[in-house]
Amino acid sequence: MSLQKALGRWIVATVVLLLPTFMLAEPTDAAKSTAQTLFVDLQPLVFQVRVIDIGSGDKYSLGSGFQISPQGHVATNFHVISAFAHEPDKYRLELVTSTGAIESALLRNIDVVHDLAILKADGLTPQFLSLASKPLEKGRRIYSVGNPFDLGMTIIEGTYNGLVKRSRYQKILFSGSLNSGMSGGPTVSATGEVVGINVSKAGEQISFLVPASHLQILMGLLPATEKTINFKHEILKALYKDQDDFFTALLAKPFAIKSLGELSIPGDIDESLRCWGHSDDTEDALYDATHQHCRSDDDIYISDNLVVGDFTYDAEWISSTGLNPLQFYTFLQARFTHSELIGVALEKDITQYKCNTDFVAIGNHTWKASVCFRAYKEFAELYDALFLMALVESKDKGAIVKSGVSAISKENALALFKAIMESVQWNR
C-alpha cells in the first residue's frame with residue numbers, strides 16, 4: 001500500500017467500558033475555547049500509526065489512532081495498516097505518542113467491511129477515550145483529531161449531520177475538512193466522547209466518519225489470547241458474510257417496477273444505489289435513446305490495488321427511424337459491452353473473465369444474454385460478476401440491460417441476474 005493511498009479513507013470507533021473512562025466536563029467558561037480544551041486533553045490519547053518497511057527501516061504508510069481501553073488497545077483504520085495485515089513478515093507496526101516516544105504495536109482484530117482495526121501496545125497509560133452511547137442531534141459541533149501529512153496533531157471543528165442516506169454501510173456526514181493522515185483518528189463531541197472515526201473526504205467541508213458502534217462490536221470480538229491470526233482468512237470470512245447477508249435480504253422481496261420507453265424494468269433495486277437518467281434525441285441522430293444508470297457509492301478497501309463493493313445497474317431503451325435493420329443490429333451489438341460496469345483489478349489479484357452467452361426467451365420475445373465471472377485469487381468463492389441482456393428481435397427497437405457486482409458468490413450473482421432478467425418486459 002503506497003503512503004499516498006493509505007492515508008485517506010474512512011473508519012469508526014467504539015469502546016468497551018472496562019474501567020472508569022476518560023471524559024471531559026462541559027466547559028463552563030463561555031470564553032474558553034472548546035477546541036483548545038479538547039486539543040490539550042486528547043493529545044496524550046491520540047497517536048500517529050506507522051507501518052514500517054522492515055527491509056529499509058522507513059515509513060511505508062501513516063495514519064492516526066486513539067486509545068480505547070486501559071489495556072492499551074488502539075483503534076485505527078484497516079486501510080492504514082492493511083499492508084501489515086497482508087504481509088506481516090515484511091512490515092511492523094508502531095505508534096508515535098504526543099511526546100515523540102515510539103511504541104511497538106500488535107494487530108489484534110480487524111473489520112475490513114467497516115475499515116476498522118484494533119492494535120495493542122504495552123507501555124500506554126490506563127486512560128482511554130469513551131464512546132458516545134447515543135447519536136448526537138444534527139447540527140451539534142464535533143471535533144476531529146489526527147495527524148495530517150505527518151505534520152503533527154491537528155484538531156478540526158465541524159458539524160454533525162447524521163448518517164448518510166442511501167448508503168449500504170453506515171457513515172456519518174461531517175461538515176469539516178479531513179486531510180490525509182487523519183484516517184483512524186477520533187471525532188469527538190464537546191464532552192470528549194467519541195462520535196465516529198475519521199475515514200474519508202469527498203470535497204471541501206464534506207467528510208465521512210464511521211459510527212462508533214461498529215468499533216464497540218469489534219472490541220467485543222477481540223480474541224481471548226494474543227494468538228497468531230490469519231488476517232487474510234478473516235478478510236474472506238467478512239466479505240463472504242457481508243455479500244451473503246446483503247443479497248439474501250435484497251432478493252427476499254420483489255423489485256419495484258418502472259417504465260423506460262416501452263420497457264418495464266426494475267426501478268430502485270436497492271436504496272444504496274443512486275440512479276440518474278438522460279435521453280439522446282438530437283436532430284441529426286438516427287436513433288432515440290433513454291437511459292437509466294444506477295451506481296453504489298460504497299466500497300471496501302482490501303489493499304492498495306484492490307477495492308471491492310461495486311454494484312451497478314443500467315438500462316437503455318433505443319428506437320431508430322434512420323437506420324436500416326443491419327445497421328440497427330450492428331449498433332445494438334456495439335453497445336453490448338461490459339465496459340465500465342465495475343472497476344479494474346490487477347492480474348495478480350484476479351483471473352480473467354469467463355463468459356457464457358446465449359439467446360433466451362423472455363415474455364415471448366428473444367433476448368441475447370451474457371454472464372461473466374472472474375475469480376479472486378486469494379479469496380476463494382468470491383467473484384466479480386457481469387450480466388448483459390439485449391432485445392434483438394426487432395428491426396428498429398431494442399434494449400440493453402446491464403449489471404455488475406464485485407466480491408459476490410456465484411450463487412448470489414446468478415440469483416440476482418435471474419431476478420433482474422425475469423423483471424424486464426417489453427410492453428409491445
# chains A, B, ... in the order shown; residues from 1 in each chain; ligands from 1

call {"tool": "closest_atom_pairs", "arguments": {"of": "stretch 152-259 of chain A", "to": "stretch 399-409 of chain A", "cutoff": "9 Å", "atoms": "only C-alpha atoms", "output": "tab-separated table"}}
result
residue	atom	partner	partner_atom	distance
A:Leu239	CA	A:Ala407	CA	7.2
A:Tyr240	CA	A:Ile408	CA	7.3
A:Gln243	CA	A:Ile408	CA	5.9
A:Asp244	CA	A:Ser409	CA	7.7
A:Phe247	CA	A:Ile408	CA	8.9

call {"tool": "write_last_selection", "arguments": {"atoms": "C-alpha atoms", "output": "compact mmCIF listing (two decimals), in the first residue's frame"}}
result
# COMPACT_ATOMS: atom_id res chain seq x y z
CA LEU A 239 -16.50 -10.32 2.72
CA TYR A 240 -18.44 -13.54 2.18
CA GLN A 243 -22.35 -10.09 0.48
CA ASP A 244 -24.46 -13.06 1.54
CA PHE A 247 -28.08 -10.06 -1.36

call {"tool": "select_by_dssp", "arguments": {"residues": "stretch 120-215 of chain A", "states": "helix (DSSP H, G or I)", "output": "PyMOL selection string"}}
result
chain A and resi 148-150+213-215

call {"tool": "residues_around", "arguments": {"residues": "A:Ser259", "least_positions_apart": "5", "cutoff": "12 Å", "atoms": "only C-alpha atoms", "output": "list in words"}}
result
Ser264, Ile265, Pro266, Gly267, Asp268, Thr290, His291, Gln292, Ala315, Glu316, Trp317, Ser423, Val424, Gln425, Trp426 and Asn427 of chain A

call {"tool": "residues_around", "arguments": {"residues": "A:Ala83", "least_positions_apart": "4", "cutoff": "9 Å", "atoms": "only C-alpha atoms", "output": "list in words"}}
result
Met1, Ser2, Val51, Tyr60, Ser61, His79, Glu87, Pro88, Lys90, Tyr91, Ser303 and Asp304 of chain A

call {"tool": "closest_atom_pairs", "arguments": {"of": "stretch 36-67 of chain A", "to": "stretch 141-145 of chain A", "cutoff": "12 Å", "atoms": "only C-alpha atoms", "output": "JSON lines"}}
result
{"residue": "A:Gln36", "atom": "CA", "partner": "A:Tyr143", "partner_atom": "CA", "distance": 10.5}
{"residue": "A:Thr37", "atom": "CA", "partner": "A:Tyr143", "partner_atom": "CA", "distance": 11.1}
{"residue": "A:Leu38", "atom": "CA", "partner": "A:Tyr143", "partner_atom": "CA", "distance": 8.2}
{"residue": "A:Phe39", "atom": "CA", "partner": "A:Val145", "partner_atom": "CA", "distance": 8.0}
{"residue": "A:Val40", "atom": "CA", "partner": "A:Val145", "partner_atom": "CA", "distance": 11.2}
{"residue": "A:Asp41", "atom": "CA", "partner": "A:Val145", "partner_atom": "CA", "distance": 11.5}
{"residue": "A:Leu42", "atom": "CA", "partner": "A:Val145", "partner_atom": "CA", "distance": 8.3}
{"residue": "A:Gln43", "atom": "CA", "partner": "A:Val145", "partner_atom": "CA", "distance": 8.7}
{"residue": "A:Pro44", "atom": "CA", "partner": "A:Val145", "partner_atom": "CA", "distance": 11.7}
{"residue": "A:Leu45", "atom": "CA", "partner": "A:Val145", "partner_atom": "CA", "distance": 10.4}
{"residue": "A:Val46", "atom": "CA", "partner": "A:Val145", "partner_atom": "CA", "distance": 7.7}
{"residue": "A:Phe47", "atom": "CA", "partner": "A:Val145", "partner_atom": "CA", "distance": 9.8}
{"residue": "A:Gln48", "atom": "CA", "partner": "A:Val145", "partner_atom": "CA", "distance": 10.8}
{"residue": "A:Gly63", "atom": "CA", "partner": "A:Val145", "partner_atom": "CA", "distance": 11.3}
{"residue": "A:Ser64", "atom": "CA", "partner": "A:Val145", "partner_atom": "CA", "distance": 8.5}
{"residue": "A:Gly65", "atom": "CA", "partner": "A:Val145", "partner_atom": "CA", "distance": 9.3}
{"residue": "A:Phe66", "atom": "CA", "partner": "A:Val145", "partner_atom": "CA", "distance": 9.4}

call {"tool": "write_last_selection", "arguments": {"atoms": "N, CA and C atoms", "output": "JSON list (two decimals), in the first residue's frame"}}
result
[["chain", "number", "residue", "atom", "x", "y", "z"],
["A", 36, "GLN", "N", -9.72, 24.23, 21.94],
["A", 36, "GLN", "CA", -8.43, 24.33, 22.63],
["A", 36, "GLN", "C", -8.36, 23.37, 23.80],
["A", 37, "THR", "N", -9.47, 23.27, 24.55],
["A", 37, "THR", "CA", -9.52, 22.36, 25.69],
["A", 37, "THR", "C", -9.39, 20.91, 25.23],
["A", 38, "LEU", "N", -10.12, 20.55, 24.19],
["A", 38, "LEU", "CA", -10.06, 19.19, 23.67],
["A", 38, "LEU", "C", -8.66, 18.87, 23.14],
["A", 39, "PHE", "N", -8.06, 19.80, 22.46],
["A", 39, "PHE", "CA", -6.73, 19.58, 21.89],
["A", 39, "PHE", "C", -5.74, 19.20, 23.00],
["A", 40, "VAL", "N", -5.77, 19.94, 24.09],
["A", 40, "VAL", "CA", -4.85, 19.68, 25.19],
["A", 40, "VAL", "C", -5.14, 18.34, 25.85],
["A", 41, "ASP", "N", -6.42, 18.05, 26.08],
["A", 41, "ASP", "CA", -6.78, 16.85, 26.83],
["A", 41, "ASP", "C", -6.71, 15.57, 26.00],
["A", 42, "LEU", "N", -6.95, 15.68, 24.69],
["A", 42, "LEU", "CA", -6.93, 14.48, 23.85],
["A", 42, "LEU", "C", -5.53, 14.11, 23.38],
["A", 43, "GLN", "N", -4.64, 15.07, 23.36],
["A", 43, "GLN", "CA", -3.33, 14.85, 22.75],
["A", 43, "GLN", "C", -2.60, 13.61, 23.28],
["A", 44, "PRO", "N", -2.62, 13.31, 24.60],
["A", 44, "PRO", "CA", -1.90, 12.11, 25.06],
["A", 44, "PRO", "C", -2.54, 10.80, 24.62],
["A", 45, "LEU", "N", -3.79, 10.85, 24.13],
["A", 45, "LEU", "CA", -4.51, 9.62, 23.80],
["A", 45, "LEU", "C", -4.66, 9.41, 22.31],
["A", 46, "VAL", "N", -4.10, 10.28, 21.49],
["A", 46, "VAL", "CA", -4.15, 10.17, 20.03],
["A", 46, "VAL", "C", -2.73, 9.97, 19.52],
["A", 47, "PHE", "N", -2.55, 9.01, 18.61],
["A", 47, "PHE", "CA", -1.21, 8.62, 18.16],
["A", 47, "PHE", "C", -1.11, 8.69, 16.64],
["A", 48, "GLN", "N", 0.11, 8.82, 16.19],
["A", 48, "GLN", "CA", 0.38, 8.55, 14.78],
["A", 48, "GLN", "C", 0.63, 7.05, 14.66],
["A", 63, "GLY", "N", -1.02, 6.92, 9.45],
["A", 63, "GLY", "CA", -2.39, 7.26, 9.76],
["A", 63, "GLY", "C", -2.46, 7.73, 11.20],
["A", 64, "SER", "N", -3.66, 7.71, 11.75],
["A", 64, "SER", "CA", -3.87, 8.12, 13.12],
["A", 64, "SER", "C", -4.57, 7.01, 13.88],
["A", 65, "GLY", "N", -4.56, 7.09, 15.20],
["A", 65, "GLY", "CA", -5.25, 6.13, 16.04],
["A", 65, "GLY", "C", -5.46, 6.72, 17.42],
["A", 66, "PHE", "N", -6.27, 6.05, 18.25],
["A", 66, "PHE", "CA", -6.54, 6.57, 19.59],
["A", 66, "PHE", "C", -6.81, 5.43, 20.55]]

call {"tool": "residues_around", "arguments": {"residues": "stretch 296-299 of chain A", "least_positions_apart": "4", "cutoff": "10 Å", "atoms": "only C-alpha atoms", "output": "JSON, numbers by chain"}}
result
{"A": [113, 114, 115, 166, 167, 168, 169, 170, 171, 270, 271, 272, 273, 274, 275, 307, 308, 309, 310, 311, 312, 313, 405, 406]}

call {"tool": "residues_around", "arguments": {"residues": "A:Gly184", "least_positions_apart": "5", "cutoff": "10 Å", "atoms": "only C-alpha atoms", "output": "MDAnalysis selection string"}}
result
chainID A and resid 7:13 46:49 62:66 74:80 115:117 145:147 196:200 209:210

call {"tool": "residues_around", "arguments": {"residues": "A:Gly139", "least_positions_apart": "5", "cutoff": "9 Å", "atoms": "only C-alpha atoms", "output": "ChimeraX atom specification"}}
result
/A:159-162

call {"tool": "closest_atom_pairs", "arguments": {"of": "stretch 369-412 of chain A", "to": "stretch 344-356 of chain A", "cutoff": "9 Å", "atoms": "only C-alpha atoms", "output": "JSON lines"}}
result
{"residue": "A:Ala369", "atom": "CA", "partner": "A:Asn356", "partner_atom": "CA", "distance": 8.3}
{"residue": "A:Ser370", "atom": "CA", "partner": "A:Asn356", "partner_atom": "CA", "distance": 5.6}
{"residue": "A:Val371", "atom": "CA", "partner": "A:Asn356", "partner_atom": "CA", "distance": 5.5}
{"residue": "A:Cys372", "atom": "CA", "partner": "A:Cys355", "partner_atom": "CA", "distance": 4.0}
{"residue": "A:Phe373", "atom": "CA", "partner": "A:Tyr353", "partner_atom": "CA", "distance": 5.3}
{"residue": "A:Arg374", "atom": "CA", "partner": "A:Tyr353", "partner_atom": "CA", "distance": 4.4}
{"residue": "A:Ala375", "atom": "CA", "partner": "A:Thr351", "partner_atom": "CA", "distance": 5.4}
{"residue": "A:Tyr376", "atom": "CA", "partner": "A:Ile350", "partner_atom": "CA", "distance": 4.5}
{"residue": "A:Lys377", "atom": "CA", "partner": "A:Ile350", "partner_atom": "CA", "distance": 5.3}
{"residue": "A:Glu378", "atom": "CA", "partner": "A:Asp349", "partner_atom": "CA", "distance": 7.0}
{"residue": "A:Tyr383", "atom": "CA", "partner": "A:Ile350", "partner_atom": "CA", "distance": 8.5}
{"residue": "A:Asp384", "atom": "CA", "partner": "A:Tyr353", "partner_atom": "CA", "distance": 8.4}
{"residue": "A:Ala385", "atom": "CA", "partner": "A:Tyr353", "partner_atom": "CA", "distance": 8.6}
{"residue": "A:Leu386", "atom": "CA", "partner": "A:Cys355", "partner_atom": "CA", "distance": 8.8}

call {"tool": "closest_residue", "arguments": {"among": "A:Ile118, A:Glu137, A:Gly192, A:Phe208", "to": "A:Val164", "atoms": "only C-alpha atoms"}}
result
A:Phe208

call {"tool": "closest_residue", "arguments": {"among": "A:Ala380, A:Leu107, A:Met421, A:Leu416", "to": "A:Ala361", "atoms": "only C-alpha atoms"}}
result
A:Met421

call {"tool": "select_by_dssp", "arguments": {"residues": "stretch 224-388 of chain A", "states": "strand (DSSP E or B)", "output": "number ranges by chain"}}
result
A: 257-260, 263-266, 273-280, 287-296, 300-303, 306-308, 311-320, 350, 354-362, 365-376, 383-388

call {"tool": "decode", "arguments": {"residues": "stretch 44-74 of chain A", "atoms": "N, CA and C atoms", "output": "PDB file, in the first residue's frame"}}
result
ATOM      1  N   PRO A  44      -2.621  13.314  24.596  1.00  0.00           N
ATOM      2  CA  PRO A  44      -1.902  12.112  25.061  1.00  0.00           C
ATOM      3  C   PRO A  44      -2.539  10.796  24.620  1.00  0.00           C
ATOM      4  N   LEU A  45      -3.790  10.845  24.134  1.00  0.00           N
ATOM      5  CA  LEU A  45      -4.514   9.618  23.802  1.00  0.00           C
ATOM      6  C   LEU A  45      -4.661   9.406  22.305  1.00  0.00           C
ATOM      7  N   VAL A  46      -4.098  10.283  21.494  1.00  0.00           N
ATOM      8  CA  VAL A  46      -4.148  10.170  20.032  1.00  0.00           C
ATOM      9  C   VAL A  46      -2.728   9.972  19.520  1.00  0.00           C
ATOM     10  N   PHE A  47      -2.549   9.011  18.611  1.00  0.00           N
ATOM     11  CA  PHE A  47      -1.213   8.620  18.164  1.00  0.00           C
ATOM     12  C   PHE A  47      -1.107   8.686  16.642  1.00  0.00           C
ATOM     13  N   GLN A  48       0.107   8.823  16.185  1.00  0.00           N
ATOM     14  CA  GLN A  48       0.377   8.546  14.780  1.00  0.00           C
ATOM     15  C   GLN A  48       0.634   7.050  14.656  1.00  0.00           C
ATOM     16  N   VAL A  49      -0.035   6.413  13.697  1.00  0.00           N
ATOM     17  CA  VAL A  49       0.136   4.983  13.440  1.00  0.00           C
ATOM     18  C   VAL A  49       1.029   4.834  12.216  1.00  0.00           C
ATOM     19  N   ARG A  50       2.094   4.039  12.361  1.00  0.00           N
ATOM     20  CA  ARG A  50       3.043   3.861  11.273  1.00  0.00           C
ATOM     21  C   ARG A  50       3.168   2.388  10.893  1.00  0.00           C
ATOM     22  N   VAL A  51       3.209   2.146   9.593  1.00  0.00           N
ATOM     23  CA  VAL A  51       3.629   0.847   9.076  1.00  0.00           C
ATOM     24  C   VAL A  51       5.061   1.026   8.575  1.00  0.00           C
ATOM     25  N   ILE A  52       5.978   0.236   9.148  1.00  0.00           N
ATOM     26  CA  ILE A  52       7.396   0.377   8.838  1.00  0.00           C
ATOM     27  C   ILE A  52       7.835  -0.785   7.957  1.00  0.00           C
ATOM     28  N   ASP A  53       8.477  -0.466   6.839  1.00  0.00           N
ATOM     29  CA  ASP A  53       9.074  -1.484   5.984  1.00  0.00           C
ATOM     30  C   ASP A  53      10.326  -2.012   6.666  1.00  0.00           C
ATOM     31  N   ILE A  54      10.334  -3.299   7.002  1.00  0.00           N
ATOM     32  CA  ILE A  54      11.441  -3.876   7.766  1.00  0.00           C
ATOM     33  C   ILE A  54      12.753  -3.810   6.981  1.00  0.00           C
ATOM     34  N   GLY A  55      12.685  -4.040   5.691  1.00  0.00           N
ATOM     35  CA  GLY A  55      13.896  -4.061   4.886  1.00  0.00           C
ATOM     36  C   GLY A  55      14.650  -2.750   4.886  1.00  0.00           C
ATOM     37  N   SER A  56      13.928  -1.638   4.711  1.00  0.00           N
ATOM     38  CA  SER A  56      14.572  -0.330   4.643  1.00  0.00           C
ATOM     39  C   SER A  56      14.577   0.406   5.972  1.00  0.00           C
ATOM     40  N   GLY A  57      13.649   0.014   6.864  1.00  0.00           N
ATOM     41  CA  GLY A  57      13.504   0.717   8.129  1.00  0.00           C
ATOM     42  C   GLY A  57      12.755   2.023   8.014  1.00  0.00           C
ATOM     43  N   ASP A  58      12.209   2.304   6.827  1.00  0.00           N
ATOM     44  CA  ASP A  58      11.498   3.558   6.589  1.00  0.00           C
ATOM     45  C   ASP A  58       9.989   3.381   6.700  1.00  0.00           C
ATOM     46  N   LYS A  59       9.285   4.522   6.831  1.00  0.00           N
ATOM     47  CA  LYS A  59       7.826   4.518   6.887  1.00  0.00           C
ATOM     48  C   LYS A  59       7.257   4.105   5.530  1.00  0.00           C
ATOM     49  N   TYR A  60       6.282   3.197   5.576  1.00  0.00           N
ATOM     50  CA  TYR A  60       5.595   2.792   4.350  1.00  0.00           C
ATOM     51  C   TYR A  60       4.227   3.460   4.249  1.00  0.00           C
ATOM     52  N   SER A  61       3.505   3.560   5.365  1.00  0.00           N
ATOM     53  CA  SER A  61       2.231   4.265   5.387  1.00  0.00           C
ATOM     54  C   SER A  61       2.013   4.862   6.764  1.00  0.00           C
ATOM     55  N   LEU A  62       1.180   5.887   6.818  1.00  0.00           N
ATOM     56  CA  LEU A  62       0.889   6.615   8.048  1.00  0.00           C
ATOM     57  C   LEU A  62      -0.603   6.799   8.216  1.00  0.00           C
ATOM     58  N   GLY A  63      -1.019   6.918   9.450  1.00  0.00           N
ATOM     59  CA  GLY A  63      -2.391   7.258   9.763  1.00  0.00           C
ATOM     60  C   GLY A  63      -2.456   7.727  11.195  1.00  0.00           C
ATOM     61  N   SER A  64      -3.657   7.705  11.745  1.00  0.00           N
ATOM     62  CA  SER A  64      -3.866   8.117  13.124  1.00  0.00           C
ATOM     63  C   SER A  64      -4.574   7.005  13.885  1.00  0.00           C
ATOM     64  N   GLY A  65      -4.560   7.090  15.201  1.00  0.00           N
ATOM     65  CA  GLY A  65      -5.251   6.127  16.044  1.00  0.00           C
ATOM     66  C   GLY A  65      -5.462   6.722  17.416  1.00  0.00           C
ATOM     67  N   PHE A  66      -6.274   6.048  18.255  1.00  0.00           N
ATOM     68  CA  PHE A  66      -6.544   6.570  19.586  1.00  0.00           C
ATOM     69  C   PHE A  66      -6.813   5.427  20.547  1.00  0.00           C
ATOM     70  N   GLN A  67      -6.500   5.659  21.809  1.00  0.00           N
ATOM     71  CA  GLN A  67      -6.582   4.600  22.811  1.00  0.00           C
ATOM     72  C   GLN A  67      -8.030   4.360  23.222  1.00  0.00           C
ATOM     73  N   ILE A  68      -8.426   3.070  23.275  1.00  0.00           N
ATOM     74  CA  ILE A  68      -9.820   2.733  23.551  1.00  0.00           C
ATOM     75  C   ILE A  68      -9.972   1.741  24.709  1.00  0.00           C
ATOM     76  N   SER A  69      -8.897   1.449  25.428  1.00  0.00           N
ATOM     77  CA  SER A  69      -9.016   0.594  26.604  1.00  0.00           C
ATOM     78  C   SER A  69      -7.845   0.859  27.535  1.00  0.00           C
ATOM     79  N   PRO A  70      -8.004   0.547  28.820  1.00  0.00           N
ATOM     80  CA  PRO A  70      -6.877   0.728  29.753  1.00  0.00           C
ATOM     81  C   PRO A  70      -5.774  -0.289  29.524  1.00  0.00           C
ATOM     82  N   GLN A  71      -6.060  -1.354  28.771  1.00  0.00           N
ATOM     83  CA  GLN A  71      -5.045  -2.362  28.462  1.00  0.00           C
ATOM     84  C   GLN A  71      -4.151  -1.975  27.295  1.00  0.00           C
ATOM     85  N   GLY A  72      -4.372  -0.796  26.702  1.00  0.00           N
ATOM     86  CA  GLY A  72      -3.510  -0.335  25.622  1.00  0.00           C
ATOM     87  C   GLY A  72      -4.021  -0.657  24.229  1.00  0.00           C
ATOM     88  N   HIS A  73      -5.310  -0.927  24.079  1.00  0.00           N
ATOM     89  CA  HIS A  73      -5.868  -1.128  22.745  1.00  0.00           C
ATOM     90  C   HIS A  73      -6.045   0.224  22.048  1.00  0.00           C
ATOM     91  N   VAL A  74      -5.711   0.249  20.775  1.00  0.00           N
ATOM     92  CA  VAL A  74      -5.746   1.479  19.982  1.00  0.00           C
ATOM     93  C   VAL A  74      -6.530   1.221  18.705  1.00  0.00           C
TER      94      VAL A  74
END
